[in-house]
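Right, one structure below, let's go through it.
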Amino acid sequence: METRIESNELLDRLPPHLKQYIKPQDYEQYTPINQAVWRYVMRKNVDYLSKVAHDSYVEGLRKTGISIDAIPSMYGMNRILKEIGWAAVAVDGFIPPNAFMEFQAYKVLVIASDIRQLENIEYTPAPDIIHEGAGHAPIIASPDYAEYLRRFGEVGAKAISSAHDIELYEAVRELSILKEAEGTSEEEIDAAERKVEQLQQKETEPSEIALIRNLHWWTVEYGLVGTVDEPKIYGAGLLSSIGESTWCMKDEVKKVPYSIDAAYQDFDITKPQPQLFVTPDFAYLQEVLEEFANTMALRKGGWRGLKKLIGSKQIGTIELSTGLQVSGIFTRMIQNEDNEVVYFETEGPTALAYREKEVIGHGIKRHDNGFRSPLGKLKKINLAIENMGPRDLQAYNFYDGKPIAFEFESGITVEGMNVTGMRNIRGELMLIQFTDCTVKYGDEVLFSPEKGDFDMAVGKEIVSAFAGAADYLSFPTALHNPSTTETVKPKRSEKEASLIRLYASVRALREQRETVSKEKLLSKVKTIFQELQQNHPSDWLLPLEIFELIATQENELSNAVQQHLLALKKRFPNKAHLIDDGLLLLEKQ
């Protein structure tokens, strides 16, 4: 069993909070049935997608080292992806959206190492190695698209989520796991689907992460490129779904020119998409991304940005006009009549940073009980504190080691002993330390001397607000503990185990075909086929693999296998097109 994780320089530079999601691929978990599912999907994809996918797809399969006949090894993929400046890691199913996008920012593909069950061969809502490995990886061989993916990760990782987003993420993850878990009852799946549907229908103001997730869905997952009349596929969800890659080209699926409007178009992960967006080229994707980024708190800041952070109830960061960054869980703000933020508070561990590096002495040990500060300009003083030089400070009685009292335009007053100040690289004051300090807003005491030293952030305004800490090393790695921590590993019955052995035998015969005599091959195939008919009469994929071994031989056995496949088509009409597609591939061979 593979228990180690192969690394390289791209993976080595990942921060600890991302590394916790990485798991060994455990290649031995893949059964011969899993390998047959991969092989069927890939053979059909390469045959069909070479006509309808973006030109970089087939070439990308070669460049990224993805085999048609065997599930790719993560080590092998990394060795080849390294040549185009990327890497890949295995994870367990869905991971939080911000983490997923941050991996992309580091040019690392996140690949769910599990693979869909045979009954879900056409489509699964769960992330799996077919979706990630055969969908995402080949397209990044296109430099324009790879840069879009990286840039999307940078922007998306800063998008602010809401409490509703976290609840929906957990519900979707649980549904995807249940759908791929062998032996799950219909009642359990129905209950999980109802929960996802209820959360999706709940009327909430869409968060930034929800909007950018929509953009991700309609481009990276379900994007088309070219013209509305003659589009090509590049989205991984379409490239990895032998059902939807065909369906999406039909007239029933509406084709819409791609624009920022896609951010406001919701999707249902459990159903085929009724409409798709078409971008003229990959460069245009970046134009829309930058247009969306201009609407985010990351670039706009202000009270709206802080309000989003307060609503998220998760660690976020505000950056002030001086460049000082405050990271923590924000709980309160006070605004003036112009809606400008004049005061803010965090609760619990908080860290201060400048240019994404923690300010020395101002980590969570110093600010373990939150951080609070007024903002803005002083009353009757035109010069902002941050712009005051040493002489200006003396003129307004800002002396180190001297008591001082002053009032902001908002009416917030500060009175205490001025200890020292800290300046940014431009020489602007960004932090002032006081002792024996009282901060008041009207009759409300916002800070009192018994709480210790008062560190006042200096800044006229909030210029940026984003998810996560400014310096990811400021906080201990928050353990990833979803309600369903791991995908479900099946417990196999003896009957299931016997079917796996039959698939293994056929796989071995295919690999040894050149060295086995015709008579011996037919004898072994006949034994396998008889056991299949007797013990597993409903399986449709193995008869196709058996027929592939003997299709060129006109004899009693090949006729029997062909008749068996025809009988399966009649018994299981919903599988008939899959059998037909498999037979068609053999004819082309």
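Ligands are numbered from 1 in the order shown, residues from 1 within each chain, and chains are lettered A, B, ... in the order they appear in the structure tokens.
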
Per DSSP on the backbone, filter range 264-332 of chain A down to the residues in alpha helix (DSSP H) and report them as a PDB file with N, CA and C atoms, in the first residue's frame.
```pdb
ATOM      1  N   PHE A 282      -9.507  31.828 -24.070  1.00  0.00           N
ATOM      2  CA  PHE A 282      -9.117  31.752 -22.667  1.00  0.00           C
ATOM      3  C   PHE A 282      -8.684  33.110 -22.113  1.00  0.00           C
ATOM      4  N   ALA A 283      -8.139  33.990 -22.964  1.00  0.00           N
ATOM      5  CA  ALA A 283      -7.728  35.311 -22.500  1.00  0.00           C
ATOM      6  C   ALA A 283      -8.924  36.107 -21.982  1.00  0.00           C
ATOM      7  N   TYR A 284     -10.101  35.910 -22.610  1.00  0.00           N
ATOM      8  CA  TYR A 284     -11.297  36.637 -22.190  1.00  0.00           C
ATOM      9  C   TYR A 284     -11.738  36.214 -20.789  1.00  0.00           C
ATOM     10  N   LEU A 285     -11.444  34.976 -20.405  1.00  0.00           N
ATOM     11  CA  LEU A 285     -11.779  34.526 -19.055  1.00  0.00           C
ATOM     12  C   LEU A 285     -11.117  35.426 -18.014  1.00  0.00           C
ATOM     13  N   GLN A 286      -9.886  35.824 -18.281  1.00  0.00           N
ATOM     14  CA  GLN A 286      -9.178  36.680 -17.321  1.00  0.00           C
ATOM     15  C   GLN A 286      -9.792  38.071 -17.265  1.00  0.00           C
ATOM     16  N   GLU A 287     -10.282  38.565 -18.395  1.00  0.00           N
ATOM     17  CA  GLU A 287     -10.936  39.878 -18.395  1.00  0.00           C
ATOM     18  C   GLU A 287     -12.143  39.883 -17.460  1.00  0.00           C
ATOM     19  N   VAL A 288     -12.977  38.848 -17.562  1.00  0.00           N
ATOM     20  CA  VAL A 288     -14.169  38.757 -16.721  1.00  0.00           C
ATOM     21  C   VAL A 288     -13.773  38.571 -15.258  1.00  0.00           C
ATOM     22  N   LEU A 289     -12.739  37.782 -15.024  1.00  0.00           N
ATOM     23  CA  LEU A 289     -12.278  37.569 -13.647  1.00  0.00           C
ATOM     24  C   LEU A 289     -11.859  38.879 -13.006  1.00  0.00           C
ATOM     25  N   GLU A 290     -11.110  39.697 -13.735  1.00  0.00           N
ATOM     26  CA  GLU A 290     -10.673  40.980 -13.182  1.00  0.00           C
ATOM     27  C   GLU A 290     -11.864  41.919 -12.987  1.00  0.00           C
ATOM     28  N   GLU A 291     -12.834  41.839 -13.874  1.00  0.00           N
ATOM     29  CA  GLU A 291     -14.050  42.643 -13.717  1.00  0.00           C
ATOM     30  C   GLU A 291     -14.768  42.249 -12.431  1.00  0.00           C
ATOM     31  N   PHE A 292     -14.826  40.941 -12.164  1.00  0.00           N
ATOM     32  CA  PHE A 292     -15.470  40.492 -10.925  1.00  0.00           C
ATOM     33  C   PHE A 292     -14.643  40.897  -9.708  1.00  0.00           C
ATOM     34  N   ALA A 293     -13.323  40.753  -9.795  1.00  0.00           N
ATOM     35  CA  ALA A 293     -12.459  41.091  -8.661  1.00  0.00           C
ATOM     36  C   ALA A 293     -12.636  42.545  -8.250  1.00  0.00           C
ATOM     37  N   ALA A 297     -14.659  42.825  -1.912  1.00  0.00           N
ATOM     38  CA  ALA A 297     -14.152  43.583  -0.763  1.00  0.00           C
ATOM     39  C   ALA A 297     -12.634  43.628  -0.776  1.00  0.00           C
ATOM     40  N   LEU A 298     -12.009  42.668  -1.403  1.00  0.00           N
ATOM     41  CA  LEU A 298     -10.557  42.641  -1.544  1.00  0.00           C
ATOM     42  C   LEU A 298     -10.046  43.945  -2.129  1.00  0.00           C
ATOM     43  N   ARG A 299     -10.802  44.509  -3.071  1.00  0.00           N
ATOM     44  CA  ARG A 299     -10.384  45.751  -3.719  1.00  0.00           C
ATOM     45  C   ARG A 299     -11.183  46.978  -3.272  1.00  0.00           C
ATOM     46  N   LYS A 300     -12.360  46.763  -2.713  1.00  0.00           N
ATOM     47  CA  LYS A 300     -13.220  47.902  -2.365  1.00  0.00           C
ATOM     48  C   LYS A 300     -13.149  48.246  -0.888  1.00  0.00           C
ATOM     49  N   GLY A 302     -13.924  49.178   2.809  1.00  0.00           N
ATOM     50  CA  GLY A 302     -15.066  49.917   3.349  1.00  0.00           C
ATOM     51  C   GLY A 302     -15.944  49.119   4.297  1.00  0.00           C
ATOM     52  N   TRP A 303     -17.097  49.729   4.618  1.00  0.00           N
ATOM     53  CA  TRP A 303     -18.000  49.108   5.584  1.00  0.00           C
ATOM     54  C   TRP A 303     -18.623  47.835   5.029  1.00  0.00           C
ATOM     55  N   ARG A 304     -18.836  47.801   3.708  1.00  0.00           N
ATOM     56  CA  ARG A 304     -19.426  46.596   3.115  1.00  0.00           C
ATOM     57  C   ARG A 304     -18.488  45.404   3.266  1.00  0.00           C
ATOM     58  N   GLY A 305     -17.200  45.653   3.075  1.00  0.00           N
ATOM     59  CA  GLY A 305     -16.231  44.575   3.234  1.00  0.00           C
ATOM     60  C   GLY A 305     -16.181  44.065   4.655  1.00  0.00           C
ATOM     61  N   LEU A 306     -16.160  44.985   5.613  1.00  0.00           N
ATOM     62  CA  LEU A 306     -16.126  44.579   7.020  1.00  0.00           C
ATOM     63  C   LEU A 306     -17.420  43.873   7.416  1.00  0.00           C
ATOM     64  N   LYS A 307     -18.534  44.340   6.885  1.00  0.00           N
ATOM     65  CA  LYS A 307     -19.818  43.681   7.171  1.00  0.00           C
ATOM     66  C   LYS A 307     -19.797  42.226   6.697  1.00  0.00           C
ATOM     67  N   LYS A 308     -19.201  41.987   5.525  1.00  0.00           N
ATOM     68  CA  LYS A 308     -19.104  40.619   5.016  1.00  0.00           C
ATOM     69  C   LYS A 308     -18.260  39.751   5.943  1.00  0.00           C
ATOM     70  N   LEU A 309     -17.173  40.316   6.455  1.00  0.00           N
ATOM     71  CA  LEU A 309     -16.321  39.550   7.373  1.00  0.00           C
ATOM     72  C   LEU A 309     -17.049  39.239   8.671  1.00  0.00           C
ATOM     73  N   ILE A 310     -17.806  40.200   9.176  1.00  0.00           N
ATOM     74  CA  ILE A 310     -18.568  39.965  10.406  1.00  0.00           C
ATOM     75  C   ILE A 310     -19.588  38.853  10.184  1.00  0.00           C
ATOM     76  N   GLY A 311     -20.236  38.864   9.011  1.00  0.00           N
ATOM     77  CA  GLY A 311     -21.229  37.837   8.699  1.00  0.00           C
ATOM     78  C   GLY A 311     -20.629  36.465   8.481  1.00  0.00           C
ATOM     79  N   SER A 312     -19.359  36.407   8.086  1.00  0.00           N
ATOM     80  CA  SER A 312     -18.735  35.106   7.809  1.00  0.00           C
ATOM     81  C   SER A 312     -18.441  34.318   9.082  1.00  0.00           C
TER      82      SER A 312
END
```

Applying 9 Å and only C-alpha atoms, which residues near Val108 in chain A remain after dropping the ones on its own chain fewer than 6 positions away? List them as number ranges by chain. A: 10-11, 86-89, 102, 150

Suppose we keep all heavy atoms; can you now write the selection as a compact mmCIF listing (two decimals), in the first residue's frame?
```txt
# COMPACT_ATOMS: atom_id res chain seq x y z
N LEU A 10 7.18 22.47 -5.81
CA LEU A 10 5.89 23.16 -5.76
C LEU A 10 5.09 22.74 -4.53
O LEU A 10 4.45 23.57 -3.88
CB LEU A 10 5.08 22.86 -7.03
CG LEU A 10 5.45 23.64 -8.28
CD1 LEU A 10 4.69 23.09 -9.48
CD2 LEU A 10 5.20 25.12 -8.11
N LEU A 11 5.12 21.46 -4.21
CA LEU A 11 4.39 20.98 -3.04
C LEU A 11 5.10 21.38 -1.75
O LEU A 11 4.45 21.66 -0.73
CB LEU A 11 4.23 19.46 -3.10
CG LEU A 11 3.51 18.90 -4.33
CD1 LEU A 11 3.30 17.40 -4.18
CD2 LEU A 11 2.17 19.59 -4.54
N TRP A 86 3.47 22.81 -13.02
CA TRP A 86 2.38 22.50 -12.10
C TRP A 86 2.68 21.23 -11.31
O TRP A 86 3.67 20.55 -11.56
CB TRP A 86 1.05 22.33 -12.87
CG TRP A 86 0.43 23.64 -13.25
CD1 TRP A 86 0.89 24.53 -14.17
CD2 TRP A 86 -0.74 24.23 -12.67
NE1 TRP A 86 0.08 25.63 -14.22
CE2 TRP A 86 -0.94 25.48 -13.32
CE3 TRP A 86 -1.65 23.83 -11.69
CZ2 TRP A 86 -2.00 26.32 -13.00
CZ3 TRP A 86 -2.72 24.67 -11.39
CH2 TRP A 86 -2.88 25.91 -12.03
N ALA A 87 1.82 20.95 -10.34
CA ALA A 87 1.91 19.72 -9.55
C ALA A 87 0.49 19.25 -9.25
O ALA A 87 -0.48 19.95 -9.55
CB ALA A 87 2.69 19.95 -8.27
N ALA A 88 0.37 18.08 -8.66
CA ALA A 88 -0.95 17.54 -8.30
C ALA A 88 -0.86 16.87 -6.94
O ALA A 88 0.19 16.32 -6.57
CB ALA A 88 -1.41 16.53 -9.35
N VAL A 89 -1.96 16.92 -6.19
CA VAL A 89 -2.03 16.24 -4.90
C VAL A 89 -3.35 15.48 -4.81
O VAL A 89 -4.35 15.87 -5.42
CB VAL A 89 -1.92 17.21 -3.70
CG1 VAL A 89 -0.55 17.86 -3.64
CG2 VAL A 89 -3.02 18.27 -3.75
N GLU A 102 -6.99 28.14 -3.24
CA GLU A 102 -5.63 28.51 -2.84
C GLU A 102 -4.62 27.52 -3.39
O GLU A 102 -3.50 27.90 -3.76
CB GLU A 102 -5.53 28.61 -1.31
CG GLU A 102 -4.27 29.31 -0.86
CD GLU A 102 -4.23 29.57 0.63
OE1 GLU A 102 -5.21 29.26 1.34
OE2 GLU A 102 -3.19 30.07 1.11
N ARG A 150 -4.49 29.71 -12.34
CA ARG A 150 -3.67 30.21 -11.23
C ARG A 150 -4.22 31.53 -10.69
O ARG A 150 -4.37 31.71 -9.48
CB ARG A 150 -2.23 30.41 -11.71
CG ARG A 150 -1.26 30.81 -10.59
CD ARG A 150 -0.02 31.52 -11.14
NE ARG A 150 -0.34 32.80 -11.76
CZ ARG A 150 -0.57 33.93 -11.07
NH1 ARG A 150 -0.53 33.93 -9.75
NH2 ARG A 150 -0.86 35.05 -11.70
```

Which residues of range 60-105 of chain A come within 10 Å of range 205-217 of chain A, and for each one, what is the closest pair of atoms and their distance in Å to one decimal, counting only C-alpha atoms, sorted by chain and residue number, as JSON lines?
```
{"residue": "A:Pro97", "atom": "CA", "partner": "A:Ile209", "partner_atom": "CA", "distance": 7.6}
{"residue": "A:Asn98", "atom": "CA", "partner": "A:Ile209", "partner_atom": "CA", "distance": 7.7}
{"residue": "A:Met101", "atom": "CA", "partner": "A:His216", "partner_atom": "CA", "distance": 9.6}
```

Ranking A:Phe152, A:Trp247, A:Phe466, A:Phe344 by minimum distance to Tyr123 in chain A and counting only C-alpha atoms, which one comes first? A:Trp247

Looking at A:Val419, A:Ile318, A:Ile66, A:Leu49, which one is nearest to Glu244 in chain A, with distances taken over only C-alpha atoms?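 Smallest separation from Glu244 in chain A among the options: A:Leu49.
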
Go through A:Leu532, A:Val516, A:Cys437, A:Leu168 one by one, measure the shortest atom-to-atom distance of each to Leu502 in chain A using only C-alpha atoms, and give the residue with the smallest value.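 Of A:Leu532, A:Val516, A:Cys437, A:Leu168, the one nearest Leu502 in chain A is A:Leu532, counting only C-alpha atoms.
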
Let me make sure I understand: among A:Pro537, A:Leu549, A:Asp165, A:His577, which one has the smallest atom-to-atom distance to Glu514 in chain A if we use only C-alpha atoms? A:Leu549

Taking only C-alpha atoms into account, produce a table as a tab-separated table in which each residue of range 56-130 of chain A with an atom at most 12 Å from an atom of range 182-197 of chain A appears once, together with its shortest atom pair and the distance in Å to one decimal, ordered by chain and rising number.
```
residue	atom	partner	partner_atom	distance
A:Arg116	CA	A:Glu182	CA	10.5
A:Gln117	CA	A:Glu182	CA	8.2
A:Leu118	CA	A:Glu182	CA	10.6
A:Glu119	CA	A:Glu182	CA	10.3
A:Asn120	CA	A:Glu182	CA	11.3
A:Pro125	CA	A:Glu193	CA	11.4
```

Write out as a ChimeraX atom specification which residues come within 12 Å of range 14-18 of chain A when counting only C-alpha atoms, dropping same-chain ones fewer than 6 positions away. /A:7-8,87-91,95-108,110,157,468-469,471-480

Out of range 154-362 of chain A, which residues get strand (DSSP E) from DSSP, as JSON, numbers by chain? {"A": [224, 225, 226, 231, 232, 233, 254, 255, 256, 257, 275, 276, 277, 278, 279, 316, 317, 318, 319, 320, 324, 325, 326, 327, 328, 329, 330, 331, 332, 333, 334, 335, 341, 342, 343, 344, 345, 346, 347, 348, 349, 350, 351, 352, 353, 354, 357, 358]}

So that I can check the surroundings of Gly370 in chain A, please list as a PyMOL selection string every protein, DNA and RNA residue that reaches within 10 Å of it, counting only C-alpha atoms and ignoring chain neighbours fewer than 3 positions away. chain A and resi 327-331+345-351+364+366-367

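Comparing the minimum interatomic distances between Pro32 in chain A and each of A:Gln533, A:Ser410, A:Ser498, A:Ser67, counting only C-alpha atoms, we find that A:Ser498 sits nearest.
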
Let me make sure I understand: among A:Lys254, A:Met456, A:Gly243, A:Ser505, which one has the smallest atom-to-atom distance to His362 in chain A if we use only C-alpha atoms?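 Of the candidates, the smallest distance to His362 in chain A is held by A:Met456.
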
Would you mind listing what lies within 10 Å of Val228 in chain A as a PyMOL selection string, with only C-alpha atoms counted and same-chain residues fewer than 3 positions away left out? chain A and resi 224-225+231-232+254-258+276-280

Contacts of Val458 in chain A at 12 Å or less, counting only C-alpha atoms, minus same-chain residues fewer than 2 places along, as a compact mmCIF listing (two decimals) with N, CA and C atoms, in the first residue's frame?
```txt
# COMPACT_ATOMS: atom_id res chain seq x y z
N GLU A 319 -7.42 45.55 5.70
CA GLU A 319 -6.20 46.33 5.52
C GLU A 319 -6.56 47.80 5.55
N LEU A 320 -5.82 48.57 6.36
CA LEU A 320 -6.09 50.00 6.51
C LEU A 320 -5.27 50.79 5.49
N SER A 321 -5.56 52.07 5.38
CA SER A 321 -4.89 52.93 4.41
C SER A 321 -3.39 53.04 4.67
N THR A 322 -2.96 52.73 5.89
CA THR A 322 -1.52 52.74 6.21
C THR A 322 -0.84 51.44 5.81
N GLY A 323 -1.61 50.45 5.41
CA GLY A 323 -1.05 49.14 5.08
C GLY A 323 -1.11 48.16 6.23
N LEU A 324 -1.49 48.64 7.44
CA LEU A 324 -1.62 47.72 8.57
C LEU A 324 -2.76 46.75 8.30
N GLN A 325 -2.50 45.46 8.53
CA GLN A 325 -3.50 44.41 8.31
C GLN A 325 -3.87 43.78 9.66
N VAL A 326 -5.17 43.68 9.90
CA VAL A 326 -5.68 43.09 11.13
C VAL A 326 -6.42 41.81 10.78
N VAL A 342 -15.79 53.84 11.67
CA VAL A 342 -15.01 54.66 12.59
C VAL A 342 -14.50 53.85 13.78
N TYR A 343 -14.90 52.57 13.84
CA TYR A 343 -14.44 51.71 14.94
C TYR A 343 -14.73 50.26 14.55
N ARG A 372 -9.29 45.97 19.02
CA ARG A 372 -10.29 46.99 18.73
C ARG A 372 -9.58 48.31 18.48
N SER A 373 -10.18 49.15 17.65
CA SER A 373 -9.53 50.43 17.39
C SER A 373 -10.49 51.38 16.69
N PRO A 374 -10.38 52.68 17.04
CA PRO A 374 -11.08 53.69 16.24
C PRO A 374 -10.32 53.94 14.95
N LEU A 375 -11.00 54.50 13.97
CA LEU A 375 -10.40 54.85 12.69
C LEU A 375 -10.82 56.26 12.32
N GLY A 376 -10.12 56.84 11.36
CA GLY A 376 -10.54 58.14 10.84
C GLY A 376 -9.60 59.27 11.23
N LYS A 377 -10.10 60.49 11.10
CA LYS A 377 -9.29 61.68 11.36
C LYS A 377 -9.67 62.28 12.72
N LEU A 378 -8.74 63.03 13.28
CA LEU A 378 -8.99 63.69 14.55
C LEU A 378 -9.84 64.94 14.35
N ALA A 384 -4.25 63.87 8.77
CA ALA A 384 -4.50 62.54 9.34
C ALA A 384 -3.30 62.09 10.15
N ILE A 385 -3.54 61.29 11.19
CA ILE A 385 -2.45 60.86 12.07
C ILE A 385 -1.35 60.17 11.27
N GLU A 386 -1.76 59.34 10.32
CA GLU A 386 -0.77 58.56 9.56
C GLU A 386 0.17 59.44 8.76
N ASN A 387 -0.27 60.66 8.48
CA ASN A 387 0.56 61.58 7.68
C ASN A 387 1.39 62.54 8.53
N MET A 388 1.30 62.40 9.84
CA MET A 388 2.03 63.30 10.73
C MET A 388 3.49 62.87 10.86
N PHE A 408 -11.72 61.88 18.00
CA PHE A 408 -11.89 61.69 16.56
C PHE A 408 -13.13 62.45 16.07
N GLY A 421 5.23 54.60 19.01
CA GLY A 421 4.53 54.41 17.74
C GLY A 421 5.33 53.54 16.80
N MET A 422 4.66 52.99 15.81
CA MET A 422 5.32 52.14 14.82
C MET A 422 4.95 52.64 13.43
N ARG A 423 5.96 52.77 12.56
CA ARG A 423 5.72 53.32 11.24
C ARG A 423 5.88 52.25 10.16
N ASN A 424 5.22 52.48 9.03
CA ASN A 424 5.36 51.55 7.91
C ASN A 424 6.58 51.92 7.07
N GLU A 428 4.91 56.28 7.49
CA GLU A 428 3.61 56.67 8.06
C GLU A 428 3.36 55.91 9.36
N LEU A 429 2.81 56.61 10.34
CA LEU A 429 2.42 55.94 11.58
C LEU A 429 1.31 54.94 11.27
N MET A 430 1.45 53.70 11.75
CA MET A 430 0.38 52.72 11.54
C MET A 430 -0.09 52.07 12.84
N LEU A 431 0.63 52.32 13.93
CA LEU A 431 0.24 51.73 15.22
C LEU A 431 0.78 52.60 16.34
N ILE A 432 -0.05 52.91 17.33
CA ILE A 432 0.38 53.67 18.51
C ILE A 432 0.00 52.88 19.76
N GLN A 433 0.96 52.76 20.68
CA GLN A 433 0.72 52.02 21.92
C GLN A 433 0.50 52.98 23.08
N ASP A 455 -3.39 49.09 21.98
CA ASP A 455 -2.71 49.29 20.71
C ASP A 455 -3.73 49.85 19.72
N MET A 456 -3.50 51.07 19.28
CA MET A 456 -4.45 51.72 18.38
C MET A 456 -3.95 51.65 16.94
N LYS A 460 -7.03 56.07 7.98
CA LYS A 460 -8.23 56.86 7.68
C LYS A 460 -9.41 55.96 7.33
N GLU A 461 -9.09 54.82 6.65
CA GLU A 461 -10.17 53.98 6.13
C GLU A 461 -9.70 52.56 5.91
N ILE A 462 -10.68 51.67 5.68
CA ILE A 462 -10.41 50.28 5.32
C ILE A 462 -10.34 50.21 3.80
```
